[in-house]
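Raw contents of input.txt, compact mmCIF, C-alpha atoms and all ligand atoms:
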```
# COMPACT_ATOMS: atom_id res chain seq x y z
CA MET A 421 11.05 21.61 7.32
CA SER A 422 7.84 19.62 7.43
CA VAL A 423 8.31 16.17 5.91
CA GLY A 424 6.67 12.79 6.36
CA PHE A 425 7.18 9.30 4.99
CA LEU A 426 4.95 6.69 3.39
CA ILE A 427 6.89 3.45 3.78
CA ASP A 428 6.43 0.09 2.11
CA MET A 429 7.25 -2.90 4.32
CA ASP A 430 8.09 -6.06 2.34
CA GLY A 431 11.56 -5.65 0.84
CA VAL A 432 12.09 -2.40 2.77
CA ILE A 433 11.71 -3.25 6.48
CA TYR A 434 11.81 -7.03 6.30
CA ARG A 435 12.31 -9.78 3.74
CA GLY A 436 10.58 -13.14 4.16
CA GLY A 437 9.79 -12.31 7.79
CA GLU A 438 13.37 -11.30 8.62
CA LEU A 439 14.27 -7.75 9.63
CA ILE A 440 16.50 -5.86 7.17
CA ASP A 441 19.56 -4.61 8.99
CA GLY A 442 19.15 -0.96 10.04
CA ALA A 443 15.39 -0.76 9.32
CA ASP A 444 14.65 -0.73 13.05
CA ARG A 445 17.09 2.18 13.54
CA PHE A 446 15.44 4.14 10.71
CA ILE A 447 11.91 3.72 12.09
CA ASN A 448 12.90 4.26 15.71
CA ALA A 449 14.64 7.51 14.64
CA LEU A 450 11.40 8.67 12.98
CA LEU A 451 9.55 7.95 16.23
CA ARG A 452 12.19 9.69 18.37
CA GLU A 453 12.30 12.78 16.17
CA GLN A 454 8.50 12.81 15.78
CA ILE A 455 8.68 12.75 12.01
CA PRO A 456 5.26 11.60 10.72
CA PHE A 457 5.18 8.28 8.87
CA ILE A 458 2.83 5.48 7.93
CA PHE A 459 3.46 2.00 6.55
CA LEU A 460 1.74 1.42 3.24
CA THR A 461 1.13 -2.19 2.31
CA ASN A 462 -0.57 -3.94 -0.60
CA ASN A 463 -1.20 -6.92 1.67
CA SER A 464 -4.91 -7.12 2.51
CA GLN A 465 -4.68 -10.31 4.58
CA ARG A 466 -3.86 -8.88 7.98
CA ALA A 467 -5.61 -6.19 10.04
CA ARG A 468 -3.54 -3.17 11.11
CA ARG A 469 -3.18 -4.48 14.67
CA ASP A 470 -1.73 -7.78 13.38
CA VAL A 471 0.78 -5.86 11.26
CA ALA A 472 1.77 -3.62 14.20
CA THR A 473 2.35 -6.71 16.38
CA LYS A 474 4.51 -8.33 13.70
CA LEU A 475 6.69 -5.19 13.57
CA GLN A 476 6.85 -4.87 17.36
CA ARG A 477 8.21 -8.41 17.53
CA MET A 478 11.02 -7.28 15.22
CA GLY A 479 11.94 -4.41 17.55
CA ILE A 480 10.03 -1.68 15.69
CA PHE A 481 7.76 -0.04 18.24
CA VAL A 482 4.88 1.24 16.13
CA GLU A 483 1.16 1.42 16.89
CA GLU A 484 -1.92 0.55 14.86
CA GLN A 485 -2.20 4.10 13.53
CA HIS A 486 1.15 3.67 11.78
CA ILE A 487 -0.31 1.04 9.45
CA PHE A 488 -2.35 1.68 6.29
CA THR A 489 -3.34 -1.36 4.22
CA CYS A 490 -4.90 -1.68 0.79
CA ALA A 491 -7.83 -3.40 2.55
CA MET A 492 -8.47 -0.19 4.52
CA ALA A 493 -8.12 1.94 1.39
CA THR A 494 -10.53 -0.33 -0.50
CA ALA A 495 -13.15 -0.40 2.28
CA ARG A 496 -13.07 3.40 2.68
CA PHE A 497 -13.31 3.91 -1.07
CA LEU A 498 -16.34 1.61 -1.32
CA ALA A 499 -18.01 3.22 1.71
CA GLN A 500 -17.69 6.60 0.01
CA LYS A 501 -18.93 5.30 -3.32
CA LYS A 502 -21.83 3.35 -1.83
CA PRO A 503 -22.46 3.70 1.93
CA ASN A 504 -23.70 0.56 3.74
CA GLY A 505 -23.21 -1.59 0.67
CA THR A 506 -22.70 -5.33 0.33
CA ALA A 507 -19.71 -7.35 -0.82
CA TYR A 508 -18.84 -10.90 -1.75
CA VAL A 509 -15.26 -11.34 -0.61
CA ILE A 510 -12.38 -13.55 -1.67
CA GLY A 511 -9.89 -12.64 1.03
CA GLU A 512 -8.93 -12.95 4.66
CA GLY A 513 -9.48 -11.28 8.04
CA GLY A 514 -7.87 -7.92 7.31
CA LEU A 515 -10.18 -7.32 4.37
CA LEU A 516 -13.32 -8.61 6.11
CA GLN A 517 -12.64 -6.46 9.17
CA ALA A 518 -11.95 -3.32 7.11
CA LEU A 519 -15.22 -3.77 5.20
CA HIS A 520 -17.23 -4.35 8.40
CA ARG A 521 -15.68 -1.30 10.04
CA ASN A 522 -16.75 0.81 7.07
CA GLY A 523 -20.37 -0.26 7.25
CA TYR A 524 -20.30 -3.11 4.75
CA SER A 525 -22.10 -6.45 5.01
CA ILE A 526 -20.56 -9.62 3.60
CA VAL A 527 -23.05 -11.60 1.49
CA ASP A 528 -23.07 -14.64 -0.81
CA HIS A 529 -25.69 -13.44 -3.30
CA GLU A 530 -26.62 -10.17 -5.02
CA PRO A 531 -23.66 -8.15 -3.71
CA ASP A 532 -22.90 -4.62 -4.91
CA PHE A 533 -19.25 -5.59 -5.27
CA VAL A 534 -17.03 -8.65 -5.60
CA VAL A 535 -13.92 -7.68 -3.62
CA VAL A 536 -10.70 -9.62 -4.12
CA GLY A 537 -7.71 -9.84 -1.78
CA GLU A 538 -5.08 -12.50 -1.33
CA GLY A 539 -4.78 -15.49 0.94
CA ARG A 540 -5.93 -19.02 1.44
CA THR A 541 -9.62 -18.49 0.75
CA VAL A 542 -9.12 -18.73 -3.03
CA THR A 543 -10.90 -21.94 -4.07
CA LEU A 544 -12.45 -23.01 -7.36
CA ASP A 545 -15.88 -22.80 -5.67
CA ALA A 546 -15.22 -19.22 -4.56
CA LEU A 547 -13.98 -18.27 -8.04
CA GLU A 548 -17.02 -19.82 -9.72
CA GLN A 549 -19.35 -17.99 -7.35
CA ALA A 550 -17.50 -14.72 -8.02
CA VAL A 551 -17.81 -15.23 -11.79
CA ARG A 552 -21.59 -15.75 -11.52
CA LEU A 553 -22.00 -12.65 -9.34
CA ILE A 554 -19.90 -10.48 -11.67
CA MET A 555 -21.87 -11.72 -14.70
CA ASN A 556 -25.04 -10.73 -12.81
CA GLY A 557 -23.81 -7.16 -12.39
CA ALA A 558 -21.64 -7.02 -9.25
CA LYS A 559 -18.65 -4.68 -9.77
CA LEU A 560 -15.22 -6.31 -9.62
CA ILE A 561 -12.89 -4.56 -7.14
CA ALA A 562 -9.24 -5.52 -6.58
CA THR A 563 -7.50 -4.57 -3.33
CA ASN A 564 -4.28 -4.67 -5.38
CA LEU A 565 -2.84 -6.12 -8.60
CA ASP A 566 0.45 -7.55 -7.28
CA PRO A 567 0.95 -10.77 -9.30
CA ASN A 568 2.76 -12.60 -6.50
CA CYS A 569 4.06 -12.27 -2.95
CA PRO A 570 7.48 -13.28 -1.66
CA THR A 571 7.35 -15.62 1.36
CA LYS A 572 9.85 -17.55 3.45
CA ASN A 573 9.22 -20.60 1.25
CA GLY A 574 9.41 -18.78 -2.09
CA THR A 575 6.86 -17.08 -4.30
CA ARG A 576 3.13 -17.57 -3.85
CA PRO A 577 0.30 -16.31 -6.08
CA GLY A 578 -0.89 -12.80 -5.28
CA CYS A 579 -4.18 -10.94 -5.56
CA GLY A 580 -3.37 -9.84 -9.12
CA ALA A 581 -3.34 -13.48 -10.26
CA THR A 582 -6.81 -14.12 -8.85
CA VAL A 583 -8.09 -10.89 -10.39
CA ALA A 584 -6.62 -11.83 -13.79
CA TYR A 585 -8.44 -15.17 -13.59
CA LEU A 586 -11.78 -13.44 -12.94
CA GLU A 587 -11.13 -10.84 -15.66
CA THR A 588 -10.31 -13.54 -18.21
CA VAL A 589 -13.42 -15.57 -17.46
CA THR A 590 -15.86 -12.64 -17.36
CA GLY A 591 -14.25 -10.27 -19.85
CA ILE A 592 -14.75 -7.51 -17.27
CA LYS A 593 -11.86 -5.38 -15.99
CA ALA A 594 -11.36 -4.91 -12.26
CA PHE A 595 -10.95 -1.56 -10.57
CA SER A 596 -7.90 -1.63 -8.28
CA VAL A 597 -7.47 0.55 -5.18
CA GLY A 598 -4.02 -0.56 -3.87
CA LYS A 599 -0.61 0.95 -4.78
CA PRO A 600 0.03 2.50 -7.30
CA SER A 601 -3.60 3.70 -7.42
CA PRO A 602 -3.82 7.41 -6.57
CA ILE A 603 -6.75 6.51 -4.32
CA MET A 604 -4.52 4.69 -1.84
CA MET A 605 -1.51 6.98 -2.33
CA ARG A 606 -3.61 10.07 -1.62
CA ALA A 607 -5.52 8.54 1.32
CA ALA A 608 -2.23 7.68 3.03
CA ARG A 609 -0.95 11.26 2.69
CA LYS A 610 -4.23 12.62 4.07
CA GLU A 611 -3.93 10.21 6.99
CA LEU A 612 -0.71 12.02 7.98
CA GLY A 613 -2.15 15.48 7.27
CA LEU A 614 0.71 16.29 4.90
CA LEU A 615 0.87 18.33 1.72
CA THR A 616 2.03 16.72 -1.52
CA SER A 617 5.31 18.66 -1.32
CA GLU A 618 5.95 17.31 2.17
CA THR A 619 5.39 13.64 1.32
CA VAL A 620 8.14 11.11 0.59
CA MET A 621 7.40 7.53 -0.55
CA VAL A 622 9.98 4.84 0.32
CA GLY A 623 9.71 1.46 -1.41
CA ASP A 624 11.46 -1.37 -3.23
CA THR A 625 9.11 -1.85 -6.22
CA MET A 626 9.16 0.47 -9.23
CA GLU A 627 5.72 -0.53 -10.57
CA THR A 628 3.86 0.19 -7.32
CA ASP A 629 5.76 2.28 -4.75
CA ILE A 630 7.81 4.52 -7.02
CA LEU A 631 5.20 4.83 -9.78
CA GLY A 632 2.48 5.58 -7.21
CA GLY A 633 4.62 8.26 -5.57
CA ALA A 634 5.74 9.78 -8.87
CA GLN A 635 2.15 10.03 -10.15
CA MET A 636 1.13 11.96 -7.05
CA GLY A 637 4.07 14.39 -7.18
CA TYR A 638 5.61 12.94 -4.01
CA ARG A 639 9.35 12.58 -3.73
CA THR A 640 10.40 8.93 -3.93
CA VAL A 641 13.20 6.81 -2.47
CA LEU A 642 13.99 3.39 -3.95
CA THR A 643 15.67 0.88 -1.67
CA LEU A 644 17.61 -1.98 -3.28
CA THR A 645 16.88 -4.56 -0.54
CA GLY A 646 13.81 -5.90 -2.34
CA SER A 647 12.52 -6.57 -5.83
CA THR A 648 14.54 -4.01 -7.85
CA ARG A 649 18.19 -4.05 -8.90
CA ARG A 650 20.04 -0.93 -9.96
CA GLU A 651 20.36 -2.20 -13.55
CA ASP A 652 16.55 -2.63 -13.79
CA LEU A 653 16.08 1.15 -13.66
CA ASP A 654 16.94 1.51 -17.36
CA HIS A 655 13.64 -0.20 -18.22
CA PHE A 656 11.49 2.56 -16.71
CA ALA A 657 10.47 5.97 -18.08
CA TYR A 658 10.25 7.34 -14.52
CA ALA A 659 12.92 7.29 -11.83
CA PRO A 660 13.12 7.62 -8.05
CA ASP A 661 14.47 10.88 -6.58
CA ALA A 662 16.99 8.95 -4.48
CA ILE A 663 18.31 5.38 -4.37
CA VAL A 664 19.64 3.69 -1.21
CA GLU A 665 21.28 0.29 -0.78
CA SER A 666 19.04 -0.07 2.29
CA VAL A 667 17.04 2.17 4.64
CA ALA A 668 19.99 1.92 7.03
CA GLU A 669 21.27 4.90 4.98
CA MET A 670 18.28 6.84 6.31
CA GLU A 671 18.87 6.25 10.01
CA ASP A 672 19.48 10.00 10.40
CA PRO A 673 16.28 10.95 8.52
CA LEU A 674 16.70 14.73 8.68
CA ALA A 675 20.28 14.58 7.38
CA PHE A 676 19.08 12.27 4.60
CA ILE A 677 16.30 14.67 3.60
CA ARG A 678 18.70 17.63 3.60
CA SER A 679 21.54 16.01 1.71
CA ARG A 680 19.98 13.39 -0.59
CA LEU A 681 16.50 14.57 -1.59
CA PRO A 682 15.46 17.44 -3.89
CA ARG A 683 13.13 19.99 -2.31
CA GLY A 684 9.39 19.26 -2.54
CA LYS A 685 7.63 21.31 -5.20
CA SER A 686 4.86 23.33 -3.58
CA GLU A 687 3.22 24.05 -6.95
CA ASP A 688 2.12 20.39 -6.87
CA ASP A 689 -0.20 21.20 -3.96
CA THR A 690 -3.84 22.09 -4.42
CA VAL A 691 -3.87 24.20 -1.24
CA ARG A 692 -3.25 27.93 -1.60
CA LEU A 693 -0.04 28.70 0.26
CA THR A 694 -1.56 31.84 1.81
CA ALA A 695 -4.29 29.75 3.39
CA MET A 696 -1.86 27.38 5.05
CA ALA A 697 -2.02 27.51 8.83
CA ARG A 698 1.56 26.37 9.30
MG MG A 701 7.80 -4.06 -1.16
```
Using structure tokens, write down the structure that the file contains.
Ligand SMILES: [Mg+2]
Amino acid sequence: MSVGFLIDMDGVIYRGGELIDGADRFINALLREQIPFIFLTNNSQRARRDVATKLQRMGIFVEEQHIFTCAMATARFLAQKKPNGTAYVIGEGGLLQALHRNGYSIVDHEPDFVVVGEGRTVTLDALEQAVRLIMNGAKLIATNLDPNCPTKNGTRPGCGATVAYLETVTGIKAFSVGKPSPIMMRAARKELGLLTSETVMVGDTMETDILGGAQMGYRTVLTLTGSTRREDLDHFAYAPDAIVESVAEMEDPLAFIRSRLPRGKSEDDTVRLTAMAR
């Protein structure tokens, strides 16, 4: 049985900076049993090393390669679309670093793209500059469309709010790369070298994690420790394959896969089964 996990963090592993009970046991079991996994976050602020350190301080002993951010997905997508391009950025270190690493230069005028993340760099001056650049032909790229982010002190505006502002002013729609975009969902699977039928997405948000997984043909697990309550499920046309009160129910991952998840459908894969070297 070859299976691997794409795992959201906020509302799944921690909430407002505090570890969710049992999340450390789940992740440490994946490490011990060498089950492939990667954390998938729509937060573009931090670089993967910063995220790994945050998790290590909570007793989850992951490395940089276990982290995949929407900033990384965005930078790789842009590098493929236009190698060695230029970007005007509203965002923080994680996004700037990802763009630099993928051959991009950060500029203040005549950029190929205006790239929007979240964080404290959103100012009226930056928004005005972005509007002018978009009106002059720069393409508007969103790292994600999450309207807000939960923090220790309550809700703060997210990337989606900034993007909506720019869309309203310019009348131009952004292209978004973060969850639930298939671009990020697919890139994360490829990062683990898994087939579609082997991939399981674990998250707390229907509109991003579960929708993103369902669109790709991955199996999905909704955890109720975050933004979704069981009674909210009635409002959606799609549903997760399994629901857990918390990922503590997954601390024996192989038993969970065997007893709680349907089998992955291999007809969803684009690879011919006869050509598979496994
Ligand atoms: Mg979440």
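With distances taken over only C-alpha atoms and all ligand atoms, A:Met626 is the one residue among A:Met626, A:Leu516, A:Met670, A:Leu681 lying closest to ligand MG 701 (chain A).
The protein and nucleic acid residues lying at most 9 Å from A:Asp528 are A:Ala507, A:Tyr508, A:Val509, A:Ile526, A:Glu530, A:Pro531, A:Gln549, A:Leu553, with only C-alpha atoms considered and sequence neighbours fewer than 2 positions away removed.
Taking only C-alpha atoms and all ligand atoms into account, the protein and nucleic acid residues that come at most 8 Å from ligand MG 701 (chain A) are Asp428, Met429, Asp430, Gly431, Val432, Thr461, Gly623, Asp624, Thr625, Asp629, Gly646 and Ser647 of chain A.
Relative to atom CA of A:Leu644, atom CA of A:Pro673 is found at 17.6 Å.
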Q) When distances are computed from only C-alpha atoms, which of A:Glu484, A:Glu671, A:Asp545, A:Glu438 shows the smallest separation from A:Thr645? A) A:Glu438
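Going from atom CA of A:Thr648 over to atom CA of A:Leu439, you cover 17.9 Å.
From atom CA of A:Gly613 back to atom CA of A:Ser422, the distance works out to 10.8 Å.
When all atoms listed in the file are used to compute distances to A:Asp444, the closest of the residues A:Ser666, A:Asn462, A:Asn573, A:Ser679 turns out to be A:Ser666.
Minimum atom-to-atom distances from A:Ser617, A:Thr590, A:Thr628, A:Gln635 to A:Pro602 were compared using all atoms listed in the file, and the lowest value belongs to A:Gln635.
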Edge lengths and centre in Å to one decimal, as JSON, is what I'm after for the box along x, y and z that holds all listed atoms of stretch 580-590 of chain A once 6 Å is added on each side.
```
{"center_x": -9.6, "center_y": -12.7, "center_z": -13.5, "size_x": 24.5, "size_y": 17.7, "size_z": 21.4}
```
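Taking only C-alpha atoms into account, A:Arg639 lies nearest to A:Val622 out of the set A:Val597, A:Ile487, A:Val622, A:Leu653.
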**Q.** Shell of 9 Å around A:Gly424, only C-alpha atoms, local chain residues under 4 positions omitted, as a count of residues only
**A.** 11
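Using all atoms listed in the file for every distance, the candidate list A:Ala607, A:Leu544, A:Leu631, A:Met636 yields A:Leu631 as the residue closest to A:Pro660.
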Q.
Would you pick out the contacts of A:Ser601 at 12 Å or less, using all atoms listed in the file, so that residues sharing its chain but fewer than 3 positions from it are not included, and give the list as number ranges by chain?
A. A: 462, 490, 493-494, 497, 562-566, 595-598, 604-608, 627-636
Got a minute to add N, CA and C atoms to stretch 517-550 of chain A and dump it as an mmCIF file, in the frame of the given file?
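Result file selection-v5.cif:
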```
data_model
loop_
_atom_site.group_PDB
_atom_site.id
_atom_site.type_symbol
_atom_site.label_atom_id
_atom_site.label_comp_id
_atom_site.auth_asym_id
_atom_site.auth_seq_id
_atom_site.Cartn_x
_atom_site.Cartn_y
_atom_site.Cartn_z
ATOM 1 N N GLN A 517 -12.525 -7.413 8.060
ATOM 2 C CA GLN A 517 -12.640 -6.460 9.170
ATOM 3 C C GLN A 517 -12.753 -5.018 8.650
ATOM 4 N N ALA A 518 -11.930 -4.682 7.649
ATOM 5 C CA ALA A 518 -11.950 -3.320 7.110
ATOM 6 C C ALA A 518 -13.332 -3.018 6.504
ATOM 7 N N LEU A 519 -13.904 -3.983 5.795
ATOM 8 C CA LEU A 519 -15.220 -3.770 5.200
ATOM 9 C C LEU A 519 -16.292 -3.599 6.284
ATOM 10 N N HIS A 520 -16.266 -4.473 7.292
ATOM 11 C CA HIS A 520 -17.230 -4.350 8.400
ATOM 12 C C HIS A 520 -17.130 -2.999 9.075
ATOM 13 N N ARG A 521 -15.896 -2.578 9.345
ATOM 14 C CA ARG A 521 -15.680 -1.300 10.040
ATOM 15 C C ARG A 521 -16.191 -0.115 9.234
ATOM 16 N N ASN A 522 -16.276 -0.283 7.928
ATOM 17 C CA ASN A 522 -16.750 0.810 7.070
ATOM 18 C C ASN A 522 -18.200 0.621 6.655
ATOM 19 N N GLY A 523 -18.928 -0.177 7.441
ATOM 20 C CA GLY A 523 -20.370 -0.260 7.250
ATOM 21 C C GLY A 523 -20.829 -1.256 6.209
ATOM 22 N N TYR A 524 -19.926 -2.141 5.776
ATOM 23 C CA TYR A 524 -20.300 -3.110 4.750
ATOM 24 C C TYR A 524 -20.765 -4.438 5.350
ATOM 25 N N SER A 525 -21.686 -5.095 4.654
ATOM 26 C CA SER A 525 -22.100 -6.450 5.010
ATOM 27 C C SER A 525 -21.497 -7.412 3.990
ATOM 28 N N ILE A 526 -21.100 -8.584 4.473
ATOM 29 C CA ILE A 526 -20.560 -9.620 3.600
ATOM 30 C C ILE A 526 -21.703 -10.565 3.236
ATOM 31 N N VAL A 527 -21.919 -10.764 1.936
ATOM 32 C CA VAL A 527 -23.050 -11.600 1.490
ATOM 33 C C VAL A 527 -22.577 -12.597 0.421
ATOM 34 N N ASP A 528 -23.402 -13.623 0.200
ATOM 35 C CA ASP A 528 -23.070 -14.640 -0.810
ATOM 36 C C ASP A 528 -23.865 -14.464 -2.097
ATOM 37 N N HIS A 529 -24.940 -13.661 -2.056
ATOM 38 C CA HIS A 529 -25.690 -13.440 -3.300
ATOM 39 C C HIS A 529 -26.112 -11.974 -3.429
ATOM 40 N N GLU A 530 -26.253 -11.540 -4.665
ATOM 41 C CA GLU A 530 -26.620 -10.170 -5.020
ATOM 42 C C GLU A 530 -25.793 -9.096 -4.299
ATOM 43 N N PRO A 531 -24.465 -9.199 -4.330
ATOM 44 C CA PRO A 531 -23.660 -8.150 -3.710
ATOM 45 C C PRO A 531 -23.523 -6.953 -4.660
ATOM 46 N N ASP A 532 -23.228 -5.774 -4.071
ATOM 47 C CA ASP A 532 -22.900 -4.620 -4.910
ATOM 48 C C ASP A 532 -21.529 -4.826 -5.567
ATOM 49 N N PHE A 533 -20.625 -5.446 -4.798
ATOM 50 C CA PHE A 533 -19.250 -5.590 -5.270
ATOM 51 C C PHE A 533 -18.724 -7.007 -5.002
ATOM 52 N N VAL A 534 -17.875 -7.481 -5.892
ATOM 53 C CA VAL A 534 -17.030 -8.650 -5.600
ATOM 54 C C VAL A 534 -15.653 -8.071 -5.286
ATOM 55 N N VAL A 535 -15.166 -8.290 -4.057
ATOM 56 C CA VAL A 535 -13.920 -7.680 -3.620
ATOM 57 C C VAL A 535 -12.865 -8.769 -3.449
ATOM 58 N N VAL A 536 -11.715 -8.566 -4.095
ATOM 59 C CA VAL A 536 -10.700 -9.620 -4.120
ATOM 60 C C VAL A 536 -9.433 -9.170 -3.395
ATOM 61 N N GLY A 537 -9.003 -10.020 -2.453
ATOM 62 C CA GLY A 537 -7.710 -9.840 -1.780
ATOM 63 C C GLY A 537 -6.879 -11.079 -1.995
ATOM 64 N N GLU A 538 -5.859 -11.274 -1.159
ATOM 65 C CA GLU A 538 -5.080 -12.500 -1.330
ATOM 66 C C GLU A 538 -5.251 -13.380 -0.103
ATOM 67 N N GLY A 539 -4.718 -14.595 -0.198
ATOM 68 C CA GLY A 539 -4.780 -15.490 0.940
ATOM 69 C C GLY A 539 -5.306 -16.854 0.581
ATOM 70 N N ARG A 540 -5.615 -17.604 1.625
ATOM 71 C CA ARG A 540 -5.930 -19.020 1.440
ATOM 72 C C ARG A 540 -7.389 -19.293 1.144
ATOM 73 N N THR A 541 -8.198 -18.248 0.990
ATOM 74 C CA THR A 541 -9.620 -18.490 0.750
ATOM 75 C C THR A 541 -9.930 -18.613 -0.739
ATOM 76 N N VAL A 542 -8.893 -18.583 -1.590
ATOM 77 C CA VAL A 542 -9.120 -18.730 -3.030
ATOM 78 C C VAL A 542 -9.338 -20.216 -3.333
ATOM 79 N N THR A 543 -10.589 -20.566 -3.676
ATOM 80 C CA THR A 543 -10.900 -21.940 -4.070
ATOM 81 C C THR A 543 -11.648 -21.878 -5.389
ATOM 82 N N LEU A 544 -11.719 -22.999 -6.085
ATOM 83 C CA LEU A 544 -12.450 -23.010 -7.360
ATOM 84 C C LEU A 544 -13.922 -22.669 -7.129
ATOM 85 N N ASP A 545 -14.487 -23.141 -5.998
ATOM 86 C CA ASP A 545 -15.880 -22.800 -5.670
ATOM 87 C C ASP A 545 -16.059 -21.300 -5.514
ATOM 88 N N ALA A 546 -15.115 -20.674 -4.786
ATOM 89 C CA ALA A 546 -15.220 -19.220 -4.560
ATOM 90 C C ALA A 546 -15.073 -18.464 -5.876
ATOM 91 N N LEU A 547 -14.173 -18.926 -6.745
ATOM 92 C CA LEU A 547 -13.980 -18.270 -8.040
ATOM 93 C C LEU A 547 -15.226 -18.403 -8.913
ATOM 94 N N GLU A 548 -15.803 -19.592 -8.917
ATOM 95 C CA GLU A 548 -17.020 -19.820 -9.720
ATOM 96 C C GLU A 548 -18.158 -18.924 -9.251
ATOM 97 N N GLN A 549 -18.299 -18.850 -7.930
ATOM 98 C CA GLN A 549 -19.350 -17.990 -7.350
ATOM 99 C C GLN A 549 -19.104 -16.532 -7.747
ATOM 100 N N ALA A 550 -17.838 -16.099 -7.658
ATOM 101 C CA ALA A 550 -17.500 -14.720 -8.020
ATOM 102 C C ALA A 550 -17.837 -14.442 -9.481
#
```
